[in-house]
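Student: My structure is stored as coords06.txt, with compact mmCIF, C-alpha atoms.
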```
# COMPACT_ATOMS: atom_id res chain seq x y z
CA MET D 1146 60.78 133.01 186.87
CA SER D 1147 61.80 136.59 186.04
CA LYS D 1148 62.59 138.92 188.89
CA LYS D 1149 59.89 141.58 189.36
CA VAL D 1150 61.36 145.07 189.42
CA ILE D 1151 59.40 148.28 189.96
CA VAL D 1152 60.93 151.61 188.95
CA ILE D 1153 59.44 154.67 190.62
CA GLY D 1154 59.73 157.61 188.25
CA ALA D 1155 59.86 157.78 184.45
CA GLY D 1156 62.47 160.50 184.18
CA ALA D 1157 66.00 160.28 182.85
CA ALA D 1158 67.28 157.80 185.43
CA GLY D 1159 64.06 155.82 185.71
CA LEU D 1160 63.62 155.18 181.99
CA LEU D 1161 67.22 154.11 181.51
CA ALA D 1162 67.18 151.90 184.62
CA ALA D 1163 63.98 150.25 183.38
CA GLY D 1164 65.56 149.52 180.02
CA PHE D 1165 68.66 147.95 181.52
CA ALA D 1166 66.66 145.94 184.06
CA GLY D 1167 64.49 144.61 181.25
CA ARG D 1168 67.53 143.86 179.10
CA ALA D 1169 68.95 141.84 182.01
CA GLY D 1170 65.80 139.70 182.06
CA ALA D 1171 63.61 141.31 184.72
CA ASP D 1172 59.86 141.84 184.55
CA VAL D 1173 59.79 145.63 184.81
CA LEU D 1174 56.99 148.01 185.73
CA VAL D 1175 57.58 151.78 185.73
CA LEU D 1176 55.21 153.89 187.84
CA GLU D 1177 55.06 157.59 186.97
CA LYS D 1178 52.78 160.21 188.55
CA ASN D 1179 52.79 162.47 185.46
CA SER D 1180 50.65 161.66 182.45
CA GLN D 1181 53.73 161.66 180.24
CA PRO D 1182 57.27 160.41 180.98
CA GLY D 1183 60.33 162.64 180.91
CA LYS D 1184 58.60 165.86 181.89
CA LYS D 1185 61.70 167.37 183.50
CA LEU D 1186 64.06 165.91 180.89
CA ASN D 1187 62.07 167.69 178.19
CA ILE D 1188 62.97 171.11 179.59
CA THR D 1189 66.62 170.52 180.43
CA GLY D 1190 69.14 172.73 178.67
CA LYS D 1191 66.33 175.13 177.71
CA GLY D 1192 64.71 172.28 175.84
CA ARG D 1193 67.93 171.26 174.05
CA CYS D 1194 69.04 168.58 176.57
CA ASN D 1195 72.77 168.58 177.34
CA VAL D 1196 72.84 164.78 177.54
CA THR D 1197 76.41 164.33 178.77
CA ASN D 1198 79.96 165.65 178.59
CA ASN D 1199 82.41 163.94 176.24
CA CYS D 1200 85.36 164.27 178.62
CA ASP D 1201 87.82 161.85 180.17
CA PHE D 1202 87.34 160.04 183.48
CA ARG D 1203 89.47 162.45 185.52
CA GLU D 1204 87.61 165.53 184.30
CA LEU D 1205 84.29 163.81 184.93
CA LEU D 1206 85.13 163.32 188.60
CA GLU D 1207 86.58 166.83 188.90
CA ASN D 1208 83.21 168.31 187.94
CA ILE D 1209 81.41 166.61 190.83
CA PRO D 1210 81.90 168.59 194.05
CA GLN D 1211 79.60 166.42 196.15
CA ASN D 1212 80.71 162.82 196.81
CA PRO D 1213 82.71 162.22 193.60
CA ARG D 1214 84.39 159.06 194.94
CA PHE D 1215 80.98 157.41 195.26
CA MET D 1216 80.61 157.64 191.47
CA TYR D 1217 83.90 155.91 190.61
CA SER D 1218 82.44 152.43 190.05
CA ALA D 1219 79.31 153.66 188.26
CA PHE D 1220 81.29 155.84 185.84
CA SER D 1221 83.70 152.97 185.21
CA ALA D 1222 80.78 150.70 184.33
CA PHE D 1223 78.89 153.20 182.18
CA SER D 1224 80.76 156.22 180.82
CA PRO D 1225 79.70 159.29 178.82
CA GLN D 1226 80.95 157.51 175.71
CA ASP D 1227 78.74 154.51 176.54
CA MET D 1228 75.71 156.80 176.82
CA MET D 1229 76.52 158.49 173.53
CA GLU D 1230 76.81 155.11 171.83
CA LEU D 1231 73.48 154.00 173.31
CA LEU D 1232 71.62 157.12 172.17
CA GLU D 1233 73.08 157.01 168.67
CA GLY D 1234 72.11 153.33 168.49
CA LEU D 1235 68.56 154.46 169.29
CA GLY D 1236 68.65 156.91 166.38
CA VAL D 1237 69.56 160.10 168.25
CA ARG D 1238 72.31 161.87 166.31
CA LEU D 1239 74.60 163.82 168.62
CA LYS D 1240 76.94 166.81 168.40
CA THR D 1241 79.65 168.10 170.75
CA GLU D 1242 79.80 171.82 171.49
CA ARG D 1243 82.02 174.14 173.55
CA GLY D 1244 83.31 172.57 176.75
CA PHE D 1245 82.67 169.05 175.36
CA ARG D 1246 78.94 169.46 176.03
CA VAL D 1247 76.93 166.89 174.06
CA PHE D 1248 73.49 167.69 172.58
CA PRO D 1249 71.16 166.01 170.10
CA GLU D 1250 71.74 167.44 166.62
CA SER D 1251 68.04 168.34 166.57
CA ASP D 1252 68.42 170.52 169.71
CA ASN D 1253 65.21 168.85 170.84
CA ALA D 1254 65.12 167.24 174.28
CA ARG D 1255 61.95 165.33 173.39
CA GLU D 1256 63.95 163.25 170.93
CA VAL D 1257 66.05 162.01 173.86
CA THR D 1258 62.95 161.29 175.97
CA ASP D 1259 61.29 159.40 173.12
CA ALA D 1260 64.45 157.32 172.61
CA LEU D 1261 64.59 156.39 176.30
CA VAL D 1262 60.91 155.44 176.34
CA SER D 1263 61.55 153.24 173.30
CA PHE D 1264 64.59 151.70 175.00
CA ALA D 1265 62.55 150.84 178.08
CA LYS D 1266 59.64 149.40 176.09
CA GLN D 1267 61.86 147.49 173.64
CA ASN D 1268 63.28 145.70 176.67
CA GLY D 1269 59.83 144.80 177.95
CA ALA D 1270 59.20 147.53 180.52
CA ARG D 1271 55.61 148.65 181.04
CA ILE D 1272 54.88 152.27 182.00
CA LYS D 1273 51.82 153.09 184.08
CA THR D 1274 50.51 156.44 185.26
CA GLU D 1275 50.07 155.96 189.00
CA THR D 1276 51.23 157.87 192.06
CA VAL D 1277 53.32 155.82 194.47
CA CYS D 1278 52.38 156.35 198.13
CA GLY D 1279 54.86 154.04 199.79
CA VAL D 1280 57.52 151.36 199.49
CA LEU D 1281 56.75 148.09 201.32
CA SER D 1282 59.32 145.95 203.13
CA GLU D 1283 59.47 143.12 205.66
CA ASN D 1284 62.43 141.92 207.70
CA GLY D 1285 64.80 144.25 205.89
CA ARG D 1286 63.72 143.21 202.39
CA ILE D 1287 61.57 144.90 199.76
CA THR D 1288 58.18 143.26 199.21
CA GLY D 1289 56.26 145.73 197.06
CA VAL D 1290 54.98 149.19 196.28
CA ARG D 1291 51.70 150.84 197.21
CA THR D 1292 50.01 153.39 194.95
CA LYS D 1293 46.76 155.31 195.38
CA GLU D 1294 45.01 152.64 193.35
CA ASN D 1295 46.91 149.38 193.85
CA THR D 1296 49.49 147.37 195.71
CA TYR D 1297 52.16 145.73 193.55
CA PRO D 1298 54.31 142.93 194.96
CA CYS D 1299 57.88 142.86 193.68
CA ASP D 1300 61.42 141.67 194.37
CA ALA D 1301 63.18 145.00 193.88
CA VAL D 1302 62.39 148.71 193.74
CA ILE D 1303 64.44 151.38 192.00
CA VAL D 1304 63.73 154.85 193.39
CA ALA D 1305 64.37 157.33 190.55
CA THR D 1306 62.10 160.16 191.63
CA GLY D 1307 64.52 163.07 191.22
CA GLY D 1308 65.06 165.79 193.81
CA VAL D 1309 62.93 168.83 194.62
CA SER D 1310 63.96 171.24 191.87
CA TYR D 1311 61.30 172.09 189.26
CA PRO D 1312 58.41 170.82 191.44
CA LEU D 1313 55.90 171.47 188.64
CA THR D 1314 57.49 168.51 186.82
CA GLY D 1315 56.60 166.22 189.72
CA SER D 1316 59.89 166.44 191.64
CA ASP D 1317 58.43 166.95 195.10
CA GLY D 1318 60.86 165.02 197.28
CA ASP D 1319 58.72 161.90 197.69
CA GLY D 1320 61.77 159.72 197.00
CA TYR D 1321 63.38 161.01 200.19
CA ALA D 1322 60.32 159.89 202.16
CA PHE D 1323 60.49 156.43 200.57
CA ALA D 1324 64.17 156.17 201.55
CA GLU D 1325 63.56 157.33 205.11
CA SER D 1326 60.70 154.86 205.55
CA CYS D 1327 63.25 152.12 204.82
CA GLY D 1328 65.74 153.42 207.37
CA HIS D 1329 67.87 155.77 205.28
CA THR D 1330 69.11 159.22 206.25
CA VAL D 1331 68.78 162.16 203.85
CA ARG D 1332 71.02 165.22 203.67
CA LYS D 1333 68.75 168.28 203.58
CA PRO D 1334 68.13 169.27 199.94
CA GLN D 1335 69.16 172.70 198.74
CA GLY D 1336 69.21 174.31 195.34
CA SER D 1337 72.24 174.11 193.10
CA LEU D 1338 72.63 175.78 189.71
CA VAL D 1339 70.27 178.47 190.96
CA PRO D 1340 70.06 182.30 190.75
CA LEU D 1341 71.75 184.30 193.52
CA VAL D 1342 70.30 186.95 195.82
CA GLY D 1343 72.44 189.98 196.62
CA GLU D 1344 72.43 193.79 196.78
CA SER D 1345 68.91 193.76 195.41
CA GLY D 1346 68.49 197.53 195.53
CA LEU D 1347 71.54 198.06 193.37
CA CYS D 1348 70.85 195.15 191.03
CA ARG D 1349 67.21 196.15 190.58
CA SER D 1350 68.36 199.37 188.89
CA ALA D 1351 69.84 197.23 186.10
CA GLN D 1352 67.02 194.65 186.07
CA GLY D 1353 66.82 192.82 182.75
CA LEU D 1354 70.34 193.79 181.63
CA THR D 1355 72.31 190.93 180.10
CA LEU D 1356 76.09 191.12 180.08
CA LYS D 1357 77.97 189.04 177.53
CA ASN D 1358 81.67 188.23 177.41
CA VAL D 1359 82.33 189.17 181.01
CA THR D 1360 84.31 187.18 183.57
CA LEU D 1361 82.56 186.33 186.81
CA THR D 1362 84.68 185.25 189.79
CA ALA D 1363 83.13 183.88 192.99
CA LYS D 1364 85.03 184.14 196.27
CA ASN D 1365 84.45 183.31 199.92
CA GLU D 1366 85.13 185.74 202.79
CA LYS D 1367 88.76 184.58 202.98
CA GLY D 1368 89.27 185.60 199.37
CA ALA D 1369 89.64 182.09 198.00
CA VAL D 1370 88.56 181.81 194.36
CA LEU D 1371 85.76 179.25 194.11
CA PHE D 1372 84.83 179.79 190.47
CA SER D 1373 85.95 181.99 187.59
CA GLU D 1374 84.70 181.85 184.01
CA LEU D 1375 84.00 183.98 180.95
CA GLY D 1376 80.43 184.05 179.68
CA GLU D 1377 76.99 185.60 180.06
CA MET D 1378 74.98 186.79 183.07
CA LEU D 1379 71.86 188.76 183.91
CA PHE D 1380 70.81 191.38 186.49
CA THR D 1381 67.42 190.82 188.15
CA HIS D 1382 65.22 192.48 190.74
CA PHE D 1383 66.65 190.21 193.44
CA GLY D 1384 70.28 189.95 192.34
CA LEU D 1385 71.93 187.92 189.62
CA SER D 1386 71.08 185.10 187.21
CA GLY D 1387 72.21 183.71 183.87
CA PRO D 1388 74.60 180.89 182.91
CA LEU D 1389 77.68 182.20 184.74
CA VAL D 1390 75.73 182.82 187.94
CA LEU D 1391 74.05 179.41 187.91
CA SER D 1392 77.45 177.75 187.54
CA ALA D 1393 78.94 179.86 190.32
CA SER D 1394 76.08 178.97 192.68
CA ALA D 1395 77.15 175.31 192.71
CA HIS D 1396 80.33 176.41 194.50
CA MET D 1397 78.46 178.33 197.22
CA ARG D 1398 77.31 175.55 199.52
CA ASP D 1399 77.34 176.89 203.08
CA PHE D 1400 75.56 180.22 203.55
CA GLU D 1401 75.02 179.40 207.21
CA ASN D 1402 78.75 179.54 207.94
CA GLU D 1403 80.28 181.35 204.97
CA LYS D 1404 79.94 184.71 203.25
CA TYR D 1405 80.35 184.99 199.51
CA HIS D 1406 80.74 187.67 196.88
CA VAL D 1407 81.28 187.83 193.13
CA LEU D 1408 83.56 190.06 191.09
CA ILE D 1409 82.55 190.94 187.55
CA ASP D 1410 85.29 191.89 185.08
CA LEU D 1411 83.36 194.03 182.63
CA LYS D 1412 86.36 194.38 180.32
CA PRO D 1413 88.20 191.04 180.42
CA GLY D 1414 89.88 191.76 177.08
CA LEU D 1415 91.75 194.76 178.49
CA THR D 1416 94.51 194.81 181.09
CA HIS D 1417 94.35 197.39 183.88
CA GLU D 1418 96.90 199.48 182.00
CA LYS D 1419 95.10 199.33 178.65
CA LEU D 1420 91.78 200.11 180.32
CA GLU D 1421 93.26 203.17 182.03
CA GLU D 1422 94.62 204.35 178.69
CA ARG D 1423 91.14 203.98 177.20
CA ILE D 1424 89.56 205.98 180.05
CA LEU D 1425 92.18 208.73 179.68
CA ARG D 1426 91.58 208.88 175.91
CA ASP D 1427 87.81 209.18 176.41
CA ILE D 1428 88.31 211.95 178.98
CA GLU D 1429 90.65 213.82 176.63
CA GLU D 1430 88.13 213.61 173.77
CA LYS D 1431 85.04 214.44 175.86
CA LYS D 1432 86.31 216.71 178.62
CA ASN D 1433 83.05 218.55 179.20
CA LYS D 1434 80.77 215.51 179.36
CA ASP D 1435 79.50 214.28 182.68
CA MET D 1436 80.53 210.78 183.69
CA ARG D 1437 77.18 209.10 183.11
CA ASN D 1438 77.37 210.14 179.45
CA LEU D 1439 81.10 209.57 179.03
CA LEU D 1440 80.77 205.91 180.01
CA ARG D 1441 78.16 205.18 177.36
CA GLY D 1442 80.96 204.55 174.92
CA LEU D 1443 82.41 201.92 177.22
CA LEU D 1444 79.43 200.24 178.92
CA PRO D 1445 75.75 199.36 178.47
CA SER D 1446 73.73 202.27 179.87
CA GLY D 1447 71.92 200.06 182.40
CA ILE D 1448 75.05 199.27 184.38
CA ILE D 1449 76.58 202.77 184.41
CA PRO D 1450 74.80 203.90 187.65
CA ILE D 1451 76.04 200.76 189.43
CA VAL D 1452 79.63 201.26 188.25
CA LEU D 1453 79.65 204.91 189.30
CA ALA D 1454 78.11 204.14 192.68
CA LYS D 1455 80.67 201.40 193.35
CA SER D 1456 83.46 203.74 192.22
CA GLY D 1457 82.29 206.52 194.52
CA ILE D 1458 81.84 208.92 191.61
CA GLN D 1459 78.85 211.23 191.18
CA ALA D 1460 77.01 210.74 187.90
CA ASP D 1461 77.09 214.46 187.05
CA VAL D 1462 80.82 214.96 187.65
CA LYS D 1463 82.48 216.36 184.54
CA ALA D 1464 85.11 214.19 182.90
CA ASN D 1465 87.80 216.86 183.24
CA ALA D 1466 87.14 217.04 187.00
CA LEU D 1467 88.08 213.41 187.55
CA THR D 1468 91.07 213.08 189.87
CA ARG D 1469 93.72 210.40 189.48
CA GLU D 1470 92.27 208.55 192.49
CA MET D 1471 88.76 208.67 191.02
CA ARG D 1472 90.04 207.44 187.66
CA ARG D 1473 91.85 204.53 189.31
CA ALA D 1474 88.75 203.68 191.34
CA LEU D 1475 86.71 203.60 188.13
CA ARG D 1476 89.26 201.37 186.42
CA ASP D 1477 89.38 198.96 189.35
CA THR D 1478 85.59 198.77 189.49
CA LEU D 1479 85.37 198.01 185.78
CA LYS D 1480 87.82 195.14 186.29
CA ALA D 1481 86.23 193.85 189.50
CA LEU D 1482 82.65 195.05 190.09
CA ARG D 1483 81.80 193.53 193.48
CA ILE D 1484 78.34 192.20 194.36
CA ASP D 1485 77.89 190.72 197.84
CA ILE D 1486 75.77 187.56 197.83
CA ASP D 1487 73.19 187.03 200.58
CA GLY D 1488 71.90 183.62 199.51
CA LYS D 1489 70.23 181.57 196.82
CA ARG D 1490 66.77 181.78 195.31
CA PRO D 1491 64.22 179.14 196.42
CA ILE D 1492 65.01 175.54 195.58
CA ALA D 1493 61.99 175.44 193.24
CA GLU D 1494 63.97 177.74 190.91
CA ALA D 1495 67.06 175.50 190.94
CA ILE D 1496 68.06 173.37 187.96
CA ILE D 1497 69.23 170.55 190.23
CA THR D 1498 69.07 169.50 193.86
CA SER D 1499 72.10 169.23 196.10
CA GLY D 1500 71.49 166.80 198.94
CA GLY D 1501 69.63 163.51 199.08
CA VAL D 1502 70.02 159.92 200.24
CA ASN D 1503 73.25 159.39 202.17
CA VAL D 1504 75.80 157.70 199.88
CA ARG D 1505 77.35 155.83 202.81
CA GLU D 1506 74.14 153.83 202.97
CA ILE D 1507 74.25 152.82 199.27
CA ASN D 1508 76.53 150.26 197.61
CA PRO D 1509 78.46 152.35 195.03
CA LYS D 1510 78.83 149.43 192.62
CA THR D 1511 75.21 148.27 192.54
CA MET D 1512 73.25 151.30 193.86
CA GLU D 1513 71.51 148.92 196.29
CA SER D 1514 70.63 150.00 199.79
CA LYS D 1515 72.93 148.69 202.52
CA ILE D 1516 69.93 148.81 204.87
CA THR D 1517 67.04 147.29 202.92
CA SER D 1518 67.72 144.44 200.50
CA GLY D 1519 66.16 144.94 197.07
CA LEU D 1520 65.97 148.74 197.36
CA PHE D 1521 67.98 150.63 194.73
CA PHE D 1522 68.49 154.32 193.96
CA ALA D 1523 69.26 156.16 190.71
CA GLY D 1524 69.71 159.79 189.72
CA GLU D 1525 69.14 163.03 191.58
CA VAL D 1526 67.58 161.41 194.66
CA ILE D 1527 71.14 160.38 195.67
CA ASP D 1528 73.38 162.90 197.45
CA VAL D 1529 75.62 163.54 194.43
CA ASP D 1530 75.55 166.59 192.20
CA ALA D 1531 77.77 168.29 189.65
CA TYR D 1532 78.47 171.50 187.82
CA THR D 1533 76.82 172.46 184.53
CA GLY D 1534 77.89 170.85 181.29
CA GLY D 1535 76.02 167.55 181.11
CA PHE D 1536 77.61 166.09 184.23
CA ASN D 1537 74.40 165.83 186.24
CA LEU D 1538 72.66 163.84 183.55
CA GLN D 1539 75.68 161.55 183.32
CA ILE D 1540 75.27 160.88 187.06
CA ALA D 1541 71.68 159.88 186.28
CA TRP D 1542 72.72 157.62 183.39
CA SER D 1543 75.54 155.85 185.23
CA THR D 1544 73.61 155.25 188.45
CA ALA D 1545 70.63 154.07 186.38
CA TYR D 1546 72.79 151.56 184.54
CA SER D 1547 74.09 150.12 187.81
CA ALA D 1548 70.70 150.11 189.53
CA GLY D 1549 68.86 148.56 186.59
CA THR D 1550 71.48 145.92 185.90
CA TYR D 1551 71.88 144.76 189.50
CA ALA D 1552 68.19 145.02 190.45
CA ALA D 1553 67.49 142.41 187.77
CA MET D 1554 70.01 139.93 189.12
CA GLU D 1555 68.94 136.97 191.21
```
Could you rewrite the structure in this file as structure tokens?
Tutor:
Amino acid sequence: MSKKVIVIGAGAAGLLAAGFAGRAGADVLVLEKNSQPGKKLNITGKGRCNVTNNCDFRELLENIPQNPRFMYSAFSAFSPQDMMELLEGLGVRLKTERGFRVFPESDNAREVTDALVSFAKQNGARIKTETVCGVLSENGRITGVRTKENTYPCDAVIVATGGVSYPLTGSDGDGYAFAESCGHTVRKPQGSLVPLVGESGLCRSAQGLTLKNVTLTAKNEKGAVLFSELGEMLFTHFGLSGPLVLSASAHMRDFENEKYHVLIDLKPGLTHEKLEERILRDIEEKKNKDMRNLLRGLLPSGIIPIVLAKSGIQADVKANALTREMRRALRDTLKALRIDIDGKRPIAEAIITSGGVNVREINPKTMESKITSGLFFAGEVIDVDAYTGGFNLQIAWSTAYSAGTYAAME
């Protein structure tokens, strides 16, 4: 008789786990609270879906700051290249972009979701729209799942409920409650890949301004560089957002005990010396202009008040009145505009969740609970997270492969 496996959650990890469990011979039922599967997957990567990163094993682990060693077995069993091969076998044509980020050629996340639904169903999985209320166990072994409408007996349960980011997609942390009811501990969830709060009064003056081709460097109070990358960012009413900022936020993990700041190089293509030459040339050509107007040839107008304030220069100071010290202060600010960071935006605004079920309580090869036999975990519900670039979805794929494959075994 086939082993009965219930997967809780029809997201990225749940759909893939269901497909692999079915392929391994299990009788699989997927229970999803949303009316349609893949609700969160459909909006990842701004709807484009960065499915994985086509990098080597070492780089894969290097992009996981939280519990990378736990992922060693899962990545060995199911790699980014394995996922790419699976998707292309399901008819999803892929392309690799900057930083080895892999996307569907269609730039349509729904194509990926549809392929995963097909994969699950082709392997015999049934998908039902029901909200799970609890996981049932007796004597340290899974016995079933209770929903609002029914009780389903089973031999194994795969919890693939996601974290608590994007709660409107159904990620409300219920998977943590299921884990705790079976004796697991959960590291408190916090947002990762999330906008940053800091110097809101100053940043509000440039609200809506996007900076492109700038270098953002994140540091702790000791001056250690945590992150540094060239790209795009955005000023908001509360602080900072945009791709660079979201990436930097993943490196800021302890606001209770650490202080952080970012430095923005507004002119990364110019050395300090070349930038000073440019400033001197502008002053020579426009001696009688005040500084707020002089800088319009060098900067977007929205950021000029911030640069002048940080440089200690009055906006109406004439260019020819600038002292050597003031000029150097301006140059240094343009190369390292400092914004002190007070914290992160609410977890509901985060792309992913950092925190989750304690990895010490999960078998890293099988994803099975070490506490309750027949209980498996896959995806964001586990206390593993990564930087941007497709790495978080690869965590989902690899843990789903292990969970689905081993949950089906006798």
Student: Given only C-alpha atoms as the basis, pick out the residue of D:Ser1386, D:Gly1447, D:Gln1459, D:Met1554 nearest to Asp1172 of chain D.
Tutor: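 Using only C-alpha atoms, the shortest distance to Asp1172 of chain D belongs to D:Met1554.
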Student: Would you mind listing what lies within 12 Å of Arg1441 of chain D as a list in words, with all atoms listed in the file counted and same-chain residues fewer than 4 positions away left out?
Tutor: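 Residues near the query, excluding close chain neighbours: Ile1424, Asp1427, Lys1431, Lys1434, Asp1435, Met1436, Arg1437, Pro1445, Ser1446, Gly1447, Ile1448, Ile1449, Pro1450, Val1452 and Ala1460 of chain D.
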Student: Take the residues from that selection and write them out as a short mmCIF file (atom, residue, chain, number, x, y, z; two decimals), keeping the file's coordinate frame, keeping C-alpha atoms.
Tutor:
```cif
data_model
loop_
_atom_site.label_atom_id
_atom_site.label_comp_id
_atom_site.auth_asym_id
_atom_site.auth_seq_id
_atom_site.Cartn_x
_atom_site.Cartn_y
_atom_site.Cartn_z
CA ILE D 1424 89.56 205.98 180.05
CA ASP D 1427 87.81 209.18 176.41
CA LYS D 1431 85.04 214.44 175.86
CA LYS D 1434 80.77 215.51 179.36
CA ASP D 1435 79.50 214.28 182.68
CA MET D 1436 80.53 210.78 183.69
CA ARG D 1437 77.18 209.10 183.11
CA PRO D 1445 75.75 199.36 178.47
CA SER D 1446 73.73 202.27 179.87
CA GLY D 1447 71.92 200.06 182.40
CA ILE D 1448 75.05 199.27 184.38
CA ILE D 1449 76.58 202.77 184.41
CA PRO D 1450 74.80 203.90 187.65
CA VAL D 1452 79.63 201.26 188.25
CA ALA D 1460 77.01 210.74 187.90
#
```
Student: Each residue of segment 1441-1549 of chain D lying at most 12 Å from segment 1205-1216 of chain D should get a row with its shortest atom-to-atom pair and the distance in Å to one decimal, counting all atoms listed in the file; could you produce that, ordered by chain and increasing number, as a Markdown table?
Tutor:
```
| residue | atom | partner | partner_atom | distance |
| --- | --- | --- | --- | --- |
| D:Thr1498 | CA | D:Gln1211 | CA | 11.2 |
| D:Ser1499 | CA | D:Gln1211 | CA | 8.0 |
| D:Gly1500 | CA | D:Gln1211 | CA | 8.6 |
| D:Gly1501 | CA | D:Gln1211 | CA | 10.8 |
| D:Val1502 | CA | D:Asn1212 | CA | 11.6 |
| D:Asn1503 | CA | D:Asn1212 | CA | 9.8 |
| D:Val1504 | CA | D:Phe1215 | CA | 6.9 |
| D:Arg1505 | CA | D:Phe1215 | CA | 8.5 |
| D:Glu1506 | CA | D:Phe1215 | CA | 10.9 |
| D:Ile1507 | CA | D:Phe1215 | CA | 9.1 |
| D:Asn1508 | CA | D:Phe1215 | CA | 8.7 |
| D:Pro1509 | CA | D:Phe1215 | CA | 5.7 |
| D:Lys1510 | CA | D:Met1216 | CA | 8.5 |
| D:Thr1511 | CA | D:Met1216 | CA | 10.9 |
| D:Met1512 | CA | D:Phe1215 | CA | 10.0 |
| D:Ala1523 | CA | D:Met1216 | CA | 11.5 |
| D:Gly1524 | CA | D:Met1216 | CA | 11.2 |
| D:Glu1525 | CA | D:Gln1211 | CA | 11.9 |
| D:Ile1527 | CA | D:Asn1212 | CA | 9.9 |
| D:Asp1528 | CA | D:Gln1211 | CA | 7.3 |
| D:Val1529 | CA | D:Gln1211 | CA | 5.2 |
| D:Asp1530 | CA | D:Gln1211 | CA | 5.7 |
| D:Ala1531 | CA | D:Ile1209 | CA | 4.2 |
| D:Tyr1532 | CA | D:Asn1208 | CA | 5.7 |
| D:Thr1533 | CA | D:Asn1208 | CA | 8.3 |
| D:Gly1534 | CA | D:Asn1208 | CA | 8.9 |
| D:Gly1535 | CA | D:Leu1205 | CA | 9.8 |
| D:Phe1536 | CA | D:Asn1208 | CA | 7.1 |
| D:Asn1537 | CA | D:Ile1209 | CA | 8.4 |
| D:Leu1538 | CA | D:Leu1205 | CA | 11.7 |
| D:Gln1539 | CA | D:Leu1205 | CA | 9.0 |
| D:Ile1540 | CA | D:Met1216 | CA | 7.6 |
| D:Ala1541 | CA | D:Met1216 | CA | 10.6 |
| D:Trp1542 | CA | D:Met1216 | CA | 11.3 |
| D:Ser1543 | CA | D:Met1216 | CA | 8.2 |
| D:Thr1544 | CA | D:Met1216 | CA | 8.0 |
| D:Ala1545 | CA | D:Met1216 | CA | 11.8 |
| D:Ser1547 | CA | D:Met1216 | CA | 10.6 |
```
Student: If I put a ball of radius 7 Å at (56.0, 141.0, 196.6) in the file's coordinates, which residues poke into it when counting all atoms listed in the file, written as a CSV table (one decimal) with C-alpha atoms, in the coordinates of the input?
Tutor:
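Written out: result25.csv:
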```csv
chain,number,residue,atom,x,y,z
D,1288,THR,CA,58.2,143.3,199.2
D,1289,GLY,CA,56.3,145.7,197.1
D,1297,TYR,CA,52.2,145.7,193.6
D,1298,PRO,CA,54.3,142.9,195.0
D,1299,CYS,CA,57.9,142.9,193.7
D,1300,ASP,CA,61.4,141.7,194.4
```
Student: Would you please work out which residue, of D:Leu1361, D:Met1397, D:Ile1428, D:Met1229, is nearest to Ala1466 of chain D when using all atoms listed in the file?
Tutor: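 Closest to Ala1466 of chain D of all the choices is D:Ile1428.
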Student: Calculate how many Å separate atom CA of Leu1482 of chain D from atom CA of Leu1453 of chain D, rounding to one decimal.
Tutor: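 These atoms are spaced 10.3 Å apart.
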Student: Leaving out Gly1234 of chain D and any residue of its chain fewer than 3 positions from it, which residues lie within 12 Å of it when counting all atoms listed in the file, given as an NGL selection string?
Tutor: :D and (1227-1231 or 1237-1239 or 1257 or 1260-1261 or 1263-1264)
Student: Can you spit out the residues from that selection as a tab-separated table (two decimals), in the frame of the given file, using C-alpha atoms?
Tutor:
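This went into out.tsv:
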```tsv
chain	number	residue	atom	x	y	z
D	1227	ASP	CA	78.74	154.51	176.54
D	1228	MET	CA	75.71	156.80	176.82
D	1229	MET	CA	76.52	158.49	173.53
D	1230	GLU	CA	76.81	155.11	171.83
D	1231	LEU	CA	73.48	154.00	173.31
D	1237	VAL	CA	69.56	160.10	168.25
D	1238	ARG	CA	72.31	161.87	166.31
D	1239	LEU	CA	74.60	163.82	168.62
D	1257	VAL	CA	66.05	162.01	173.86
D	1260	ALA	CA	64.45	157.32	172.61
D	1261	LEU	CA	64.59	156.39	176.30
D	1263	SER	CA	61.55	153.24	173.30
D	1264	PHE	CA	64.59	151.70	175.00
```
Student: Set the distance at 8 Å and use only C-alpha atoms: which residues neighbour segment 1280-1287 of chain D once local chain neighbours fewer than 3 positions away are removed? I'd like the list as a list in words.
Tutor: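 The filter keeps Val1277, Val1290, Arg1291, Cys1299, Asp1300, Ala1301, Val1302, Phe1323, Ser1326, Cys1327, Ile1516, Thr1517, Ser1518, Gly1519 and Leu1520 of chain D.
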Student: My list of candidates is D:Glu1374, D:Glu1494, D:Glu1403, D:Glu1275. Which is closest to Glu1177 of chain D when distances are computed with only C-alpha atoms?
Tutor: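 Closest to Glu1177 of chain D, using only C-alpha atoms: D:Glu1275.
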Student: Calculated over all atoms listed in the file, which of the candidates D:Leu1232, D:Ala1322, D:Cys1200, D:Ile1188 has the smallest distance to Ala1254 of chain D?
Tutor: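 Using all atoms listed in the file, Ala1254 of chain D sits closest to D:Ile1188.
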Student: Identify which of the residues D:Ala1363, D:Ala1270, D:Ala1222, D:Ala1454 lies closest to Phe1202 of chain D, counting all atoms listed in the file when measuring atom-to-atom distances.
Tutor: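 Going through D:Ala1363, D:Ala1270, D:Ala1222, D:Ala1454 one by one, the smallest distance to Phe1202 of chain D is for D:Ala1222.
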Student: Would you compute the distance between atom CA of Asn1253 of chain D and atom CA of His1396 of chain D? Give it in Å to one decimal.
Tutor: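 These atoms are spaced 29.1 Å apart.
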